[in-house]
Amino acid sequence: MKMIPTREIAKNIFNQACRAVNPEKLVNDALSVNSGKLIVNKQGGTIYDLNSYRNIYVTAFGKAVYGMCRSIETQLGDRICKGIAIIPQKFTVETPLKMISMERAAENNLPDCNSVKASHKIYEIVSKLINNDLLIVLVSGGGSALLSLPVDEITLEDKLRTIKLLGKVGASIQELNTIRSHLSQLKGGKLAQLACPCEILTLIISDVVNDDLSVISSGPTYKCTSTKTDALNIIQKYNLSNSVPYSVVNYLQTIFDETSTHTFDNVNNIIVGSNIHALKAAEDAANEFNLHPITITRSLTGDCEDVARNLVDLIEEIRKIASNSLESENQALLESKLTLFPITDHSMIDLTQKILELITHRTDFILLFGGETTARVKGNGLGGRNQHLALSAANYFNNYPLLTNENSPICALLVSAGTDGQDGPTTAAGAMVDPYTYSESIKCGLDIKQYLDNSDSNHFFSVFPISECLITTGLTGTNVMDIIMVIIKFNS
C-alpha cells in the first residue's frame, strides 16, 4: 500500500469531516415533504400542513445557509411566497435560487453596511406576517455578523467597535453574543417576537459549544434570558467601560430593560447539524487510514495558547509512557493531563485505559477535539485562533526536546482548523505543526515568539518554507466550530 504523508492524511480527515456537515444534506435528512405536509424527522416528527397556511416565507443568515436554502427550495418550490438569505460576501453561489434571493454582506467576518441593508429587508418581511403564515428561518454560524440591525440609539460603527474591543481581550462567544443580543433589533429572540403571531420553524446548524440556542447567531428565535445589566457586567468585567462608545454604555444603562411576555409557543427551534456530525465523520475517515480514533471532547473552549500548552503536555506524556520510563505511574500521570480537557462521551477511567492500551500495543491513533477556543489579539498582525493555537503549540514543543530525539518512540502532528474554512480574516482554515517546527523555524531565521506577540500566525505559516503547514479549503459553506487533531504514530 502506498504510504501517504501524515499531513496529507490530516487534511483528508479534516476535509471528510467538513463534507459530512454539508448543509443541504443535513436539511434533507431532517425534513421531508409528502402529500402537502412538511414532516420534521427530528424531535418527535412535527408535521406542518402546508395547505393550511396563507403564505410561506423563508429568511436565512449564516455561513451555511446557501445549502440549507437549496434544500428548502427543492422541497417546497413555488410554495415559497418570498425568501431572503444573507450570505458571506466572498461565498461562491453555484446556482442562483428561484424563490430565495441572496444578499451578500460581512466581508472579513465583520458586520457592514450591507449587513444592515439586508437585515432591514428581513425586518420588513417579518414585521408584516400574520397568524396563518409560516416563517421558516434557517440559521447557522456566522449569522451574528450577517444579521446585523443595531437598535436606533447606536450606530453600526459603535456596535462594531464594542465587539472588536471585547474580542481583543478574549471575551467568550457567549459573552459576545449577550452584548450583540441587547444591541440588536432582531437578535435575542426579537425576530420571533417581530413575527408573532405567525408560526415559526427554525432549522439550525450549530457552531457553539453544547448547542446553546441563545448563542447560535445570537438566538434570533430563542427567548433571551439575559438582561442589559448582564451586558454591562461583561463590559465592566474586562474594564472596558471607558473604552466602548458612550452611546453603547448609555443605552444599556438608561433604556428600560425589556421583559418580554412573549411565550415563544409559536416557535419550533430544531438543530439539524453540529460538531458531533463532523467528529463522527473524522472518526470514520481516521479508520480508513488505520488510525484508531478517540474523540476526547465536543466542548473544548478556553484561551488558544492555554489549550495549545495542554495539548503539547499531553503529547509529551504519551511519549514518556511509550518510552516505559514511568510505567508504574502511567495511569495517574495520563489522567492528570486529560483532566485539563472537558471530557465527553467517556469516563476518565475508560478513556485513560483505552489510550494506555493503544500505547502498549504500539497502535497508531488520533485524538479528536471539537469546540472553539478564543485568541487575545496582542498586535496588528494577521491570523486566527486556529493558526495561533498551532503556532503556540510549535512554541511549546521546544520545551520537550526528547520529542525530536532520534530515539523518540513516537512522531506527532497537531492540527487545528475551522470547519467554515476561514480562520479569522485570512484565507486559511487553520494550520498544522509538529515537534520539529520550532527548530526548523530557527534555521530559517524566523522567531516564533515574535510572531505570536504580534498575533501574526498567518504570516509565519505563509513564509515558513520547510513543510506545508496551512490548511486551505476556501469557504466550505458550512460551520460547526473547529476540529483539533493530534495524530500519534509509532516509530518502528
# chains A, B, ... in the order shown; residues from 1 in each chain; ligands from 1
call {"tool": "residues_around", "arguments": {"residues": "stretch 302-312 of chain A", "least_positions_apart": "6", "cutoff": "8 Å", "atoms": "only C-alpha atoms", "output": "number ranges by chain"}}
result
A: 170, 337, 340, 372-376, 385-386, 388-390, 392-393, 396-397
call {"tool": "atom_distance", "arguments": {"atom1": "atom CA of A:Thr472", "atom2": "atom CA of A:Ala429"}}
result
5.5 Å
call {"tool": "residues_around", "arguments": {"residues": "stretch 234-240 of chain A", "least_positions_apart": "6", "cutoff": "12 Å", "atoms": "only C-alpha atoms", "output": "number ranges by chain"}}
result
A: 161-180, 226-228, 246, 248-249, 252-253
call {"tool": "write_last_selection", "arguments": {"atoms": "N, CA and C atoms", "output": "PDB file, in the first residue's frame"}}
result
ATOM      1  N   ARG A 161     -17.278  48.522  17.103  1.00  0.00           N
ATOM      2  CA  ARG A 161     -16.132  48.848  17.963  1.00  0.00           C
ATOM      3  C   ARG A 161     -16.250  48.109  19.297  1.00  0.00           C
ATOM      4  N   THR A 162     -17.445  48.037  19.829  1.00  0.00           N
ATOM      5  CA  THR A 162     -17.648  47.336  21.102  1.00  0.00           C
ATOM      6  C   THR A 162     -17.293  45.866  20.978  1.00  0.00           C
ATOM      7  N   ILE A 163     -17.753  45.216  19.919  1.00  0.00           N
ATOM      8  CA  ILE A 163     -17.477  43.797  19.719  1.00  0.00           C
ATOM      9  C   ILE A 163     -15.989  43.559  19.489  1.00  0.00           C
ATOM     10  N   LYS A 164     -15.340  44.446  18.736  1.00  0.00           N
ATOM     11  CA  LYS A 164     -13.902  44.302  18.479  1.00  0.00           C
ATOM     12  C   LYS A 164     -13.107  44.410  19.778  1.00  0.00           C
ATOM     13  N   LEU A 165     -13.468  45.376  20.620  1.00  0.00           N
ATOM     14  CA  LEU A 165     -12.760  45.539  21.894  1.00  0.00           C
ATOM     15  C   LEU A 165     -12.903  44.297  22.770  1.00  0.00           C
ATOM     16  N   LEU A 166     -14.105  43.749  22.826  1.00  0.00           N
ATOM     17  CA  LEU A 166     -14.325  42.541  23.628  1.00  0.00           C
ATOM     18  C   LEU A 166     -13.587  41.349  23.041  1.00  0.00           C
ATOM     19  N   GLY A 167     -13.573  41.264  21.711  1.00  0.00           N
ATOM     20  CA  GLY A 167     -12.862  40.177  21.070  1.00  0.00           C
ATOM     21  C   GLY A 167     -11.370  40.225  21.352  1.00  0.00           C
ATOM     22  N   LYS A 168     -10.801  41.417  21.380  1.00  0.00           N
ATOM     23  CA  LYS A 168      -9.367  41.568  21.598  1.00  0.00           C
ATOM     24  C   LYS A 168      -8.942  41.111  22.982  1.00  0.00           C
ATOM     25  N   VAL A 169      -9.829  41.267  23.964  1.00  0.00           N
ATOM     26  CA  VAL A 169      -9.468  40.861  25.329  1.00  0.00           C
ATOM     27  C   VAL A 169      -9.862  39.421  25.629  1.00  0.00           C
ATOM     28  N   GLY A 170     -10.365  38.710  24.614  1.00  0.00           N
ATOM     29  CA  GLY A 170     -10.645  37.284  24.791  1.00  0.00           C
ATOM     30  C   GLY A 170     -12.004  36.956  25.357  1.00  0.00           C
ATOM     31  N   ALA A 171     -12.986  37.835  25.172  1.00  0.00           N
ATOM     32  CA  ALA A 171     -14.347  37.513  25.635  1.00  0.00           C
ATOM     33  C   ALA A 171     -14.855  36.272  24.920  1.00  0.00           C
ATOM     34  N   SER A 172     -15.623  35.458  25.618  1.00  0.00           N
ATOM     35  CA  SER A 172     -16.137  34.218  25.043  1.00  0.00           C
ATOM     36  C   SER A 172     -17.243  34.514  24.044  1.00  0.00           C
ATOM     37  N   ILE A 173     -17.566  33.521  23.213  1.00  0.00           N
ATOM     38  CA  ILE A 173     -18.650  33.691  22.246  1.00  0.00           C
ATOM     39  C   ILE A 173     -19.972  33.936  22.973  1.00  0.00           C
ATOM     40  N   GLN A 174     -20.146  33.320  24.133  1.00  0.00           N
ATOM     41  CA  GLN A 174     -21.374  33.543  24.913  1.00  0.00           C
ATOM     42  C   GLN A 174     -21.471  35.008  25.350  1.00  0.00           C
ATOM     43  N   GLU A 175     -20.342  35.559  25.786  1.00  0.00           N
ATOM     44  CA  GLU A 175     -20.339  36.947  26.233  1.00  0.00           C
ATOM     45  C   GLU A 175     -20.547  37.903  25.057  1.00  0.00           C
ATOM     46  N   LEU A 176     -19.875  37.624  23.955  1.00  0.00           N
ATOM     47  CA  LEU A 176     -20.042  38.477  22.772  1.00  0.00           C
ATOM     48  C   LEU A 176     -21.495  38.498  22.311  1.00  0.00           C
ATOM     49  N   ASN A 177     -22.120  37.339  22.298  1.00  0.00           N
ATOM     50  CA  ASN A 177     -23.491  37.270  21.803  1.00  0.00           C
ATOM     51  C   ASN A 177     -24.506  37.839  22.789  1.00  0.00           C
ATOM     52  N   THR A 178     -24.174  37.856  24.061  1.00  0.00           N
ATOM     53  CA  THR A 178     -25.031  38.552  25.024  1.00  0.00           C
ATOM     54  C   THR A 178     -25.053  40.047  24.697  1.00  0.00           C
ATOM     55  N   ILE A 179     -23.883  40.604  24.426  1.00  0.00           N
ATOM     56  CA  ILE A 179     -23.800  42.011  24.042  1.00  0.00           C
ATOM     57  C   ILE A 179     -24.573  42.247  22.748  1.00  0.00           C
ATOM     58  N   ARG A 180     -24.313  41.410  21.746  1.00  0.00           N
ATOM     59  CA  ARG A 180     -24.984  41.576  20.448  1.00  0.00           C
ATOM     60  C   ARG A 180     -26.503  41.550  20.603  1.00  0.00           C
ATOM     61  N   SER A 226     -30.938  36.734  29.255  1.00  0.00           N
ATOM     62  CA  SER A 226     -30.028  37.700  29.867  1.00  0.00           C
ATOM     63  C   SER A 226     -30.666  39.089  29.855  1.00  0.00           C
ATOM     64  N   THR A 227     -30.038  40.020  30.546  1.00  0.00           N
ATOM     65  CA  THR A 227     -30.560  41.382  30.654  1.00  0.00           C
ATOM     66  C   THR A 227     -29.497  42.397  30.221  1.00  0.00           C
ATOM     67  N   LYS A 228     -29.905  43.631  30.069  1.00  0.00           N
ATOM     68  CA  LYS A 228     -28.944  44.679  29.757  1.00  0.00           C
ATOM     69  C   LYS A 228     -27.914  44.815  30.881  1.00  0.00           C
ATOM     70  N   TYR A 246     -19.625  55.719  24.147  1.00  0.00           N
ATOM     71  CA  TYR A 246     -20.564  56.209  25.160  1.00  0.00           C
ATOM     72  C   TYR A 246     -21.988  55.800  24.838  1.00  0.00           C
ATOM     73  N   VAL A 248     -23.169  53.171  23.589  1.00  0.00           N
ATOM     74  CA  VAL A 248     -23.462  51.788  23.979  1.00  0.00           C
ATOM     75  C   VAL A 248     -23.707  51.698  25.475  1.00  0.00           C
ATOM     76  N   VAL A 249     -22.790  52.255  26.262  1.00  0.00           N
ATOM     77  CA  VAL A 249     -22.950  52.223  27.722  1.00  0.00           C
ATOM     78  C   VAL A 249     -24.215  52.972  28.133  1.00  0.00           C
ATOM     79  N   LEU A 252     -27.347  50.867  27.375  1.00  0.00           N
ATOM     80  CA  LEU A 252     -27.509  49.741  28.302  1.00  0.00           C
ATOM     81  C   LEU A 252     -27.871  50.205  29.708  1.00  0.00           C
ATOM     82  N   GLN A 253     -27.455  51.410  30.066  1.00  0.00           N
ATOM     83  CA  GLN A 253     -27.722  51.929  31.407  1.00  0.00           C
ATOM     84  C   GLN A 253     -29.092  52.594  31.531  1.00  0.00           C
TER      85      GLN A 253
END
call {"tool": "residues_around", "arguments": {"residues": "A:Asp212", "least_positions_apart": "6", "cutoff": "10 Å", "atoms": "only C-alpha atoms", "output": "PDB file with N, CA and C atoms, in the first residue's frame"}}
result
ATOM      1  N   GLN A 174     -20.146  33.320  24.133  1.00  0.00           N
ATOM      2  CA  GLN A 174     -21.374  33.543  24.913  1.00  0.00           C
ATOM      3  C   GLN A 174     -21.471  35.008  25.350  1.00  0.00           C
ATOM      4  N   SER A 206     -25.515  24.212  14.285  1.00  0.00           N
ATOM      5  CA  SER A 206     -24.890  24.801  15.468  1.00  0.00           C
ATOM      6  C   SER A 206     -23.389  24.989  15.290  1.00  0.00           C
ATOM      7  N   SER A 218     -26.654  34.481  17.919  1.00  0.00           N
ATOM      8  CA  SER A 218     -27.264  35.337  18.957  1.00  0.00           C
ATOM      9  C   SER A 218     -28.759  35.076  19.134  1.00  0.00           C
ATOM     10  N   GLY A 219     -29.211  33.843  18.841  1.00  0.00           N
ATOM     11  CA  GLY A 219     -30.564  33.399  19.180  1.00  0.00           C
ATOM     12  C   GLY A 219     -31.705  34.252  18.686  1.00  0.00           C
ATOM     13  N   TYR A 222     -34.987  32.539  19.722  1.00  0.00           N
ATOM     14  CA  TYR A 222     -34.948  31.858  21.021  1.00  0.00           C
ATOM     15  C   TYR A 222     -35.031  32.918  22.122  1.00  0.00           C
TER      16      TYR A 222
END
call {"tool": "residues_around", "arguments": {"residues": "A:Phe91", "least_positions_apart": "4", "cutoff": "12 Å", "atoms": "only C-alpha atoms", "output": "ChimeraX atom specification"}}
result
/A:62-67,86-87,102-109,420-422,474-478
call {"tool": "closest_residue", "arguments": {"among": "A:His361, A:Lys280, A:Arg7, A:Arg70", "to": "A:Val415", "atoms": "only C-alpha atoms"}}
result
A:Arg7
call {"tool": "closest_residue", "arguments": {"among": "A:Asn250, A:Thr426, A:Asn399, A:Ser439", "to": "A:Asp456", "atoms": "only C-alpha atoms"}}
result
A:Thr426
call {"tool": "atom_distance", "arguments": {"atom1": "atom CA of A:Phe61", "atom2": "atom CA of A:Leu147"}}
result
6.3 Å
call {"tool": "residues_around", "arguments": {"residues": "A:Asn287", "least_positions_apart": "6", "cutoff": "12 Å", "atoms": "only C-alpha atoms", "output": "number ranges by chain"}}
result
A: 9, 12-13, 280-281, 293-294, 363-366
call {"tool": "residues_around", "arguments": {"residues": "A:Ala30", "least_positions_apart": "4", "cutoff": "10 Å", "atoms": "only C-alpha atoms", "output": "MDAnalysis selection string"}}
result
chainID A and resid 24:26 39:43 45 203 270:273
call {"tool": "write_last_selection", "arguments": {"atoms": "all heavy atoms", "output": "mmCIF file, in the first residue's frame"}}
result
data_model
loop_
_atom_site.group_PDB
_atom_site.id
_atom_site.type_symbol
_atom_site.label_atom_id
_atom_site.label_comp_id
_atom_site.auth_asym_id
_atom_site.auth_seq_id
_atom_site.Cartn_x
_atom_site.Cartn_y
_atom_site.Cartn_z
ATOM 1 N N GLU A 24 -26.921 21.210 2.810
ATOM 2 C CA GLU A 24 -28.047 20.689 2.027
ATOM 3 C C GLU A 24 -28.400 19.282 2.470
ATOM 4 O O GLU A 24 -29.581 18.936 2.634
ATOM 5 C CB GLU A 24 -27.685 20.713 0.539
ATOM 6 C CG GLU A 24 -28.860 20.388 -0.367
ATOM 7 C CD GLU A 24 -28.562 20.648 -1.827
ATOM 8 O OE1 GLU A 24 -27.412 21.032 -2.165
ATOM 9 O OE2 GLU A 24 -29.481 20.476 -2.651
ATOM 10 N N LYS A 25 -27.374 18.474 2.696
ATOM 11 C CA LYS A 25 -27.605 17.099 3.154
ATOM 12 C C LYS A 25 -28.241 17.082 4.540
ATOM 13 O O LYS A 25 -29.175 16.300 4.805
ATOM 14 C CB LYS A 25 -26.295 16.325 3.182
ATOM 15 C CG LYS A 25 -26.418 14.887 3.703
ATOM 16 C CD LYS A 25 -25.066 14.207 3.750
ATOM 17 C CE LYS A 25 -25.202 12.753 4.235
ATOM 18 N NZ LYS A 25 -25.769 12.679 5.604
ATOM 19 N N LEU A 26 -27.760 17.943 5.436
ATOM 20 C CA LEU A 26 -28.300 17.964 6.796
ATOM 21 C C LEU A 26 -29.780 18.317 6.810
ATOM 22 O O LEU A 26 -30.573 17.713 7.546
ATOM 23 C CB LEU A 26 -27.518 18.964 7.658
ATOM 24 C CG LEU A 26 -26.061 18.589 7.974
ATOM 25 C CD1 LEU A 26 -25.360 19.744 8.678
ATOM 26 C CD2 LEU A 26 -25.994 17.323 8.825
ATOM 27 N N ILE A 39 -42.739 17.317 6.969
ATOM 28 C CA ILE A 39 -42.507 16.439 8.115
ATOM 29 C C ILE A 39 -41.094 16.655 8.633
ATOM 30 O O ILE A 39 -40.114 16.531 7.891
ATOM 31 C CB ILE A 39 -42.697 14.962 7.719
ATOM 32 C CG1 ILE A 39 -44.094 14.756 7.126
ATOM 33 C CG2 ILE A 39 -42.475 14.046 8.920
ATOM 34 C CD1 ILE A 39 -44.270 13.425 6.427
ATOM 35 N N VAL A 40 -40.994 17.007 9.897
ATOM 36 C CA VAL A 40 -39.698 17.173 10.546
ATOM 37 C C VAL A 40 -39.281 15.823 11.116
ATOM 38 O O VAL A 40 -39.965 15.274 11.985
ATOM 39 C CB VAL A 40 -39.761 18.231 11.662
ATOM 40 C CG1 VAL A 40 -38.400 18.380 12.326
ATOM 41 C CG2 VAL A 40 -40.234 19.569 11.106
ATOM 42 N N ASN A 41 -38.186 15.275 10.615
ATOM 43 C CA ASN A 41 -37.759 13.939 11.020
ATOM 44 C C ASN A 41 -36.940 13.941 12.295
ATOM 45 O O ASN A 41 -36.115 13.067 12.517
ATOM 46 C CB ASN A 41 -36.928 13.308 9.883
ATOM 47 C CG ASN A 41 -37.721 13.224 8.596
ATOM 48 O OD1 ASN A 41 -38.906 12.934 8.611
ATOM 49 N ND2 ASN A 41 -37.059 13.491 7.477
ATOM 50 N N LYS A 42 -37.144 14.919 13.129
ATOM 51 C CA LYS A 42 -36.436 15.020 14.404
ATOM 52 C C LYS A 42 -37.415 15.497 15.465
ATOM 53 O O LYS A 42 -38.477 16.034 15.157
ATOM 54 C CB LYS A 42 -35.260 16.013 14.309
ATOM 55 C CG LYS A 42 -34.087 15.526 13.449
ATOM 56 C CD LYS A 42 -33.013 16.597 13.360
ATOM 57 C CE LYS A 42 -31.808 16.114 12.548
ATOM 58 N NZ LYS A 42 -30.987 15.186 13.285
ATOM 59 N N GLN A 43 -37.041 15.279 16.723
ATOM 60 C CA GLN A 43 -37.822 15.756 17.864
ATOM 61 C C GLN A 43 -39.295 15.371 17.778
ATOM 62 O O GLN A 43 -40.195 16.204 17.899
ATOM 63 C CB GLN A 43 -37.672 17.284 18.001
ATOM 64 C CG GLN A 43 -36.258 17.731 18.312
ATOM 65 C CD GLN A 43 -36.147 19.221 18.548
ATOM 66 O OE1 GLN A 43 -37.121 19.945 18.470
ATOM 67 N NE2 GLN A 43 -34.946 19.689 18.829
ATOM 68 N N GLY A 45 -41.060 14.234 15.230
ATOM 69 C CA GLY A 45 -41.688 14.246 13.913
ATOM 70 C C GLY A 45 -42.845 15.220 13.782
ATOM 71 O O GLY A 45 -43.960 14.841 13.434
ATOM 72 N N LEU A 203 -34.587 26.084 11.570
ATOM 73 C CA LEU A 203 -33.632 24.985 11.396
ATOM 74 C C LEU A 203 -32.232 25.543 11.603
ATOM 75 O O LEU A 203 -31.855 26.551 11.006
ATOM 76 C CB LEU A 203 -33.771 24.374 10.006
ATOM 77 C CG LEU A 203 -35.174 23.880 9.623
ATOM 78 C CD1 LEU A 203 -35.178 23.322 8.208
ATOM 79 C CD2 LEU A 203 -35.667 22.824 10.616
ATOM 80 N N ILE A 270 -35.038 23.756 15.882
ATOM 81 C CA ILE A 270 -34.523 22.401 15.689
ATOM 82 C C ILE A 270 -33.088 22.444 15.182
ATOM 83 O O ILE A 270 -32.793 23.090 14.161
ATOM 84 C CB ILE A 270 -35.394 21.618 14.689
ATOM 85 C CG1 ILE A 270 -36.811 21.465 15.244
ATOM 86 C CG2 ILE A 270 -34.788 20.255 14.391
ATOM 87 C CD1 ILE A 270 -37.770 20.808 14.293
ATOM 88 N N ILE A 271 -32.196 21.767 15.871
ATOM 89 C CA ILE A 271 -30.805 21.658 15.431
ATOM 90 C C ILE A 271 -30.683 20.488 14.464
ATOM 91 O O ILE A 271 -30.989 19.342 14.813
ATOM 92 C CB ILE A 271 -29.868 21.471 16.628
ATOM 93 C CG1 ILE A 271 -29.847 22.749 17.470
ATOM 94 C CG2 ILE A 271 -28.446 21.120 16.164
ATOM 95 C CD1 ILE A 271 -29.041 22.665 18.736
ATOM 96 N N VAL A 272 -30.245 20.775 13.249
ATOM 97 C CA VAL A 272 -30.135 19.724 12.217
ATOM 98 C C VAL A 272 -28.698 19.276 12.009
ATOM 99 O O VAL A 272 -28.452 18.256 11.352
ATOM 100 C CB VAL A 272 -30.733 20.204 10.879
ATOM 101 C CG1 VAL A 272 -32.209 20.530 11.029
ATOM 102 C CG2 VAL A 272 -29.966 21.399 10.309
ATOM 103 N N GLY A 273 -27.733 20.019 12.535
ATOM 104 C CA GLY A 273 -26.334 19.632 12.375
ATOM 105 C C GLY A 273 -25.467 20.300 13.417
ATOM 106 O O GLY A 273 -25.777 21.394 13.896
#
call {"tool": "closest_residue", "arguments": {"among": "A:Ser408, A:Thr473, A:Asn268, A:Asn55", "to": "A:Gly83", "atoms": "only C-alpha atoms"}}
result
A:Asn55
call {"tool": "closest_residue", "arguments": {"among": "A:Gly141, A:Gly371, A:Pro88, A:Gly384", "to": "A:Met485", "atoms": "only C-alpha atoms"}}
result
A:Gly371
call {"tool": "atom_distance", "arguments": {"atom1": "atom CA of A:Glu357", "atom2": "atom CA of A:Ser492"}}
result
17.6 Å
call {"tool": "closest_residue", "arguments": {"among": "A:Ile321, A:Ala431, A:Val244, A:Leu368", "to": "A:Glu283", "atoms": "only C-alpha atoms"}}
result
A:Leu368
